[in-house]
Amino acid sequence: MAEDLPDLVAGRHARILELARRTGSVSVEALATALEVTPQTIRRDLNQLAKQAMLSRVHGGAVVTSGVDNLDREARRQVAADAKAAIGIAAAALVPDGASLFINIGTTTEAIARALVQHRHLLVVTNNLNVADILGGVPTIEVVVAGGRVRASDRAVVGALAMDFLRGFKLDYALIGASAIDGEGTLLDFDMDEVRVSQTIIEQARTVILATDQTKFGRPAPVRIAEIDVVDHLVTDRLLHPGIAAACATGQVKITQTDA
């Protein structure tokens, strides 16, 4: 087929990488339309690029990342932005007025914060300065920020000081994100300091709500946070990964799918 000629394949691959780097992720259907080839051809292209470690495959498309490096914050913010907004609204709906909660670092947890602004009488403890900016001016929400080293790339407060601070609380909810969930249901991330803070937040919460979009399912990352059975409620756009769905069933994790 003409679309499989070497020069055309190389040009298509370059275009796919250009689009992926611009937005952080690409879908099979959108690429097939944009490049005027079949979805089967795009799936083959994405698989080849994944083998070359240029992209990481996720259900329905691919994301720009490797197993050891995450996207920068602006690229992460653009990936699945509409899905994250819907997830944020659904996760916020699980939090009653008058609750106390942790919110950790991440663009999805920031979407939750934006959906919490109408809540009343919340106590929010966070290591995410972006969350503090979103909620700090809401008169019915008290915001407490962890002390410690501020990571310049995303304004996360991490390190031993932050962990010691967070251990001073025992709160109703932890609203957390994760950079990746492998096929067996292990929550993963890219930064050891961030993982330790997330583990502390999980330990100090009575109920753990994990908010993540489907691009994180089956994705690699090097540092283990926990198994999914520490989570009480998973909020996502759609859970189509059979291994993760099975792990949730085994761990008795309640699931909310915003696209279901």
# chains A, B, ... in the order shown; residues from 1 in each chain; ligands from 1
call {"tool": "select_by_dssp", "arguments": {"residues": "region 17-221 of chain A", "states": "strand (DSSP E or B)", "output": "ChimeraX atom specification"}}
result
/A:25-27,56-58,61-63,100-103,122-126,128,141-145,149-151,156-158,171-176,180-181,186-189,205-211,217
call {"tool": "write_last_selection", "arguments": {"atoms": "C-alpha atoms", "output": "compact mmCIF listing (two decimals), in the first residue's frame"}}
result
# COMPACT_ATOMS: atom_id res chain seq x y z
CA SER A 25 -0.99 13.06 23.68
CA VAL A 26 -2.56 11.83 20.45
CA SER A 27 -5.51 9.57 19.64
CA SER A 56 4.24 5.50 25.23
CA ARG A 57 1.13 3.64 24.08
CA VAL A 58 -2.09 4.08 26.01
CA GLY A 61 -3.54 6.48 21.34
CA ALA A 62 -0.19 7.47 22.84
CA VAL A 63 1.46 10.00 25.18
CA SER A 100 -11.12 17.74 55.97
CA LEU A 101 -8.93 16.65 53.09
CA PHE A 102 -5.48 16.34 51.63
CA ILE A 103 -4.86 17.30 47.99
CA LEU A 122 -13.60 22.59 54.24
CA LEU A 123 -10.15 22.18 55.71
CA VAL A 124 -7.69 21.55 52.88
CA VAL A 125 -4.10 20.51 53.58
CA THR A 126 -1.95 20.47 50.47
CA ASN A 128 0.48 21.82 45.92
CA ILE A 141 -12.37 26.98 52.85
CA GLU A 142 -9.38 26.96 55.17
CA VAL A 143 -6.15 26.10 53.36
CA VAL A 144 -3.03 24.81 55.10
CA VAL A 145 0.15 24.45 53.03
CA ARG A 149 11.33 22.46 49.49
CA VAL A 150 9.34 23.90 46.58
CA ARG A 151 10.01 22.12 43.30
CA ALA A 156 5.09 20.98 44.59
CA VAL A 157 6.30 21.05 48.20
CA VAL A 158 8.31 17.87 48.72
CA LEU A 171 -8.02 13.87 57.75
CA ASP A 172 -11.25 12.55 56.26
CA TYR A 173 -10.12 12.32 52.63
CA ALA A 174 -7.03 12.17 50.46
CA LEU A 175 -7.60 13.39 46.91
CA ILE A 176 -4.62 12.10 44.99
CA ALA A 180 0.85 5.96 35.96
CA ILE A 181 -0.97 2.76 36.90
CA THR A 186 0.30 -0.57 40.95
CA LEU A 187 0.25 3.21 41.35
CA LEU A 188 3.49 4.71 39.99
CA ASP A 189 5.25 8.03 39.68
CA ALA A 205 -6.32 9.83 55.42
CA ARG A 206 -9.39 7.84 56.36
CA THR A 207 -10.68 7.63 52.76
CA VAL A 208 -8.50 7.73 49.63
CA ILE A 209 -9.92 9.00 46.33
CA LEU A 210 -7.70 8.48 43.28
CA ALA A 211 -8.48 10.75 40.32
CA PHE A 217 -3.60 3.23 32.57
call {"tool": "residues_around", "arguments": {"residues": "region 114-120 of chain A", "least_positions_apart": "6", "cutoff": "8 Å", "atoms": "only C-alpha atoms", "output": "number ranges by chain"}}
result
A: 88-89, 92, 96-98, 134-135, 138, 140-141
call {"tool": "closest_residue", "arguments": {"among": "A:Arg238, A:His233, A:Lys254, A:Lys170", "to": "Val95 (chain A)", "atoms": "only C-alpha atoms"}}
result
A:His233
call {"tool": "atom_distance", "arguments": {"atom1": "CA of Gln252 (chain A)", "atom2": "CA of Asn127 (chain A)"}}
result
28.0 Å
call {"tool": "residues_around", "arguments": {"residues": "region 33-46 of chain A", "least_positions_apart": "5", "cutoff": "12 Å", "atoms": "only C-alpha atoms", "output": "ChimeraX atom specification"}}
result
/A:1-6,8-17,19-20,25-28,51-64
call {"tool": "write_last_selection", "arguments": {"atoms": "N, CA, C and O atoms", "output": "short mmCIF file (atom, residue, chain, number, x, y, z; two decimals), in the first residue's frame"}}
result
data_model
loop_
_atom_site.label_atom_id
_atom_site.label_comp_id
_atom_site.auth_asym_id
_atom_site.auth_seq_id
_atom_site.Cartn_x
_atom_site.Cartn_y
_atom_site.Cartn_z
N MET A 1 0.84 -1.20 0.00
CA MET A 1 0.00 0.00 0.00
C MET A 1 0.87 1.24 0.00
O MET A 1 1.94 1.28 0.62
N ALA A 2 0.38 2.30 -0.65
CA ALA A 2 1.17 3.52 -0.77
C ALA A 2 1.51 4.11 0.59
O ALA A 2 2.59 4.65 0.80
N GLU A 3 0.56 3.98 1.54
CA GLU A 3 0.78 4.61 2.83
C GLU A 3 1.87 3.91 3.63
O GLU A 3 2.29 4.38 4.66
N ASP A 4 2.36 2.74 3.13
CA ASP A 4 3.41 2.01 3.82
C ASP A 4 4.77 2.19 3.15
O ASP A 4 5.74 1.54 3.57
N LEU A 5 4.90 3.01 2.10
CA LEU A 5 6.20 3.27 1.51
C LEU A 5 7.12 3.93 2.54
O LEU A 5 6.67 4.77 3.33
N PRO A 6 8.41 3.56 2.58
CA PRO A 6 9.31 4.04 3.65
C PRO A 6 9.31 5.54 3.83
O PRO A 6 9.27 6.04 4.96
N LEU A 8 7.01 7.72 3.06
CA LEU A 8 5.74 8.16 3.60
C LEU A 8 5.62 7.81 5.08
O LEU A 8 5.09 8.59 5.88
N VAL A 9 6.11 6.62 5.45
CA VAL A 9 6.07 6.21 6.86
C VAL A 9 6.91 7.15 7.71
O VAL A 9 6.46 7.61 8.77
N ALA A 10 8.13 7.47 7.24
CA ALA A 10 9.00 8.35 8.00
C ALA A 10 8.37 9.74 8.16
O ALA A 10 8.41 10.34 9.24
N GLY A 11 7.76 10.23 7.09
CA GLY A 11 7.10 11.53 7.17
C GLY A 11 5.91 11.51 8.10
O GLY A 11 5.67 12.47 8.85
N ARG A 12 5.17 10.41 8.06
CA ARG A 12 4.02 10.28 8.95
C ARG A 12 4.46 10.22 10.41
O ARG A 12 3.86 10.83 11.29
N HIS A 13 5.52 9.46 10.66
CA HIS A 13 6.04 9.37 12.02
C HIS A 13 6.48 10.73 12.54
O HIS A 13 6.23 11.09 13.70
N ALA A 14 7.13 11.50 11.69
CA ALA A 14 7.57 12.84 12.10
C ALA A 14 6.38 13.72 12.43
O ALA A 14 6.40 14.49 13.41
N ARG A 15 5.33 13.62 11.62
CA ARG A 15 4.13 14.42 11.86
C ARG A 15 3.44 13.99 13.16
O ARG A 15 2.97 14.84 13.94
N ILE A 16 3.38 12.68 13.40
CA ILE A 16 2.78 12.17 14.64
C ILE A 16 3.53 12.70 15.86
O ILE A 16 2.93 13.17 16.83
N LEU A 17 4.86 12.66 15.79
CA LEU A 17 5.66 13.15 16.92
C LEU A 17 5.48 14.65 17.12
O LEU A 17 5.43 15.14 18.25
N LEU A 19 2.77 16.41 16.42
CA LEU A 19 1.47 16.62 17.03
C LEU A 19 1.47 16.20 18.50
O LEU A 19 0.89 16.88 19.36
N ALA A 20 2.12 15.09 18.79
CA ALA A 20 2.16 14.58 20.16
C ALA A 20 2.91 15.53 21.08
O ALA A 20 2.49 15.80 22.21
N SER A 25 -0.41 14.37 23.99
CA SER A 25 -0.99 13.06 23.68
C SER A 25 -1.65 13.12 22.31
O SER A 25 -1.97 14.20 21.79
N VAL A 26 -1.88 11.93 21.73
CA VAL A 26 -2.56 11.83 20.45
C VAL A 26 -3.50 10.63 20.50
O VAL A 26 -3.24 9.66 21.21
N SER A 27 -4.58 10.70 19.73
CA SER A 27 -5.51 9.57 19.64
C SER A 27 -5.44 8.96 18.25
O SER A 27 -5.12 9.63 17.26
N VAL A 28 -5.77 7.67 18.17
CA VAL A 28 -5.74 6.96 16.89
C VAL A 28 -6.71 7.60 15.90
O VAL A 28 -6.36 7.87 14.75
N LYS A 51 8.07 1.25 20.35
CA LYS A 51 9.23 0.35 20.40
C LYS A 51 10.54 1.13 20.37
O LYS A 51 11.55 0.69 20.93
N GLN A 52 10.52 2.29 19.74
CA GLN A 52 11.70 3.14 19.67
C GLN A 52 11.78 4.10 20.85
O GLN A 52 12.66 4.96 20.90
N ALA A 53 10.86 3.96 21.82
CA ALA A 53 10.80 4.79 23.04
C ALA A 53 10.54 6.26 22.71
O ALA A 53 10.92 7.14 23.47
N MET A 54 9.89 6.51 21.57
CA MET A 54 9.56 7.88 21.21
C MET A 54 8.22 8.32 21.82
O MET A 54 7.99 9.49 22.09
N LEU A 55 7.33 7.35 22.01
CA LEU A 55 6.03 7.58 22.62
C LEU A 55 5.73 6.41 23.54
O LEU A 55 6.36 5.35 23.44
N SER A 56 4.75 6.60 24.42
CA SER A 56 4.24 5.50 25.23
C SER A 56 2.80 5.24 24.83
O SER A 56 1.98 6.17 24.79
N ARG A 57 2.48 3.99 24.52
CA ARG A 57 1.13 3.64 24.08
C ARG A 57 0.17 3.63 25.26
O ARG A 57 0.49 3.14 26.34
N VAL A 58 -0.99 4.18 25.06
CA VAL A 58 -2.09 4.08 26.01
C VAL A 58 -3.32 3.69 25.20
O VAL A 58 -3.31 3.70 23.97
N HIS A 59 -4.39 3.31 25.90
CA HIS A 59 -5.60 2.89 25.19
C HIS A 59 -6.09 4.02 24.29
O HIS A 59 -6.30 5.14 24.73
N GLY A 60 -6.24 3.70 23.01
CA GLY A 60 -6.78 4.66 22.06
C GLY A 60 -5.80 5.65 21.48
O GLY A 60 -6.18 6.51 20.70
N GLY A 61 -4.51 5.53 21.86
CA GLY A 61 -3.54 6.48 21.34
C GLY A 61 -2.18 6.35 21.98
O GLY A 61 -1.71 5.25 22.22
N ALA A 62 -1.53 7.49 22.27
CA ALA A 62 -0.19 7.47 22.84
C ALA A 62 0.06 8.79 23.55
O ALA A 62 -0.60 9.80 23.28
N VAL A 63 1.03 8.78 24.48
CA VAL A 63 1.46 10.00 25.18
C VAL A 63 2.95 10.16 25.00
O VAL A 63 3.68 9.20 24.76
N VAL A 64 3.40 11.40 25.14
CA VAL A 64 4.82 11.70 25.02
C VAL A 64 5.46 11.52 26.39
O VAL A 64 5.33 12.38 27.26
#
call {"tool": "closest_residue", "arguments": {"among": "A:Ile244, A:Thr236, A:Thr258, A:Gly148", "to": "Phe165 (chain A)", "atoms": "only C-alpha atoms"}}
result
A:Gly148
call {"tool": "closest_residue", "arguments": {"among": "A:Cys248, A:Leu240, A:Leu129, A:Ala50", "to": "Gln214 (chain A)", "atoms": "only C-alpha atoms"}}
result
A:Leu240
call {"tool": "atom_distance", "arguments": {"atom1": "CA of His241 (chain A)", "atom2": "CA of Ile112 (chain A)"}}
result
23.4 Å
call {"tool": "closest_residue", "arguments": {"among": "A:Asn104, A:Thr212, A:Thr250, A:Gln204", "to": "Ile87 (chain A)", "atoms": "only C-alpha atoms"}}
result
A:Thr212
call {"tool": "closest_residue", "arguments": {"among": "A:Val131, A:Leu94, A:Ala111, A:Ala160", "to": "Asp232 (chain A)", "atoms": "only C-alpha atoms"}}
result
A:Leu94
call {"tool": "atom_distance", "arguments": {"atom1": "CA of Val230 (chain A)", "atom2": "CA of Gly185 (chain A)"}}
result
10.6 Å
call {"tool": "select_by_dssp", "arguments": {"residues": "region 97-192 of chain A", "states": "alpha helix (DSSP H)", "output": "number ranges by chain"}}
result
A: 107-115, 129-135, 160-166, 192
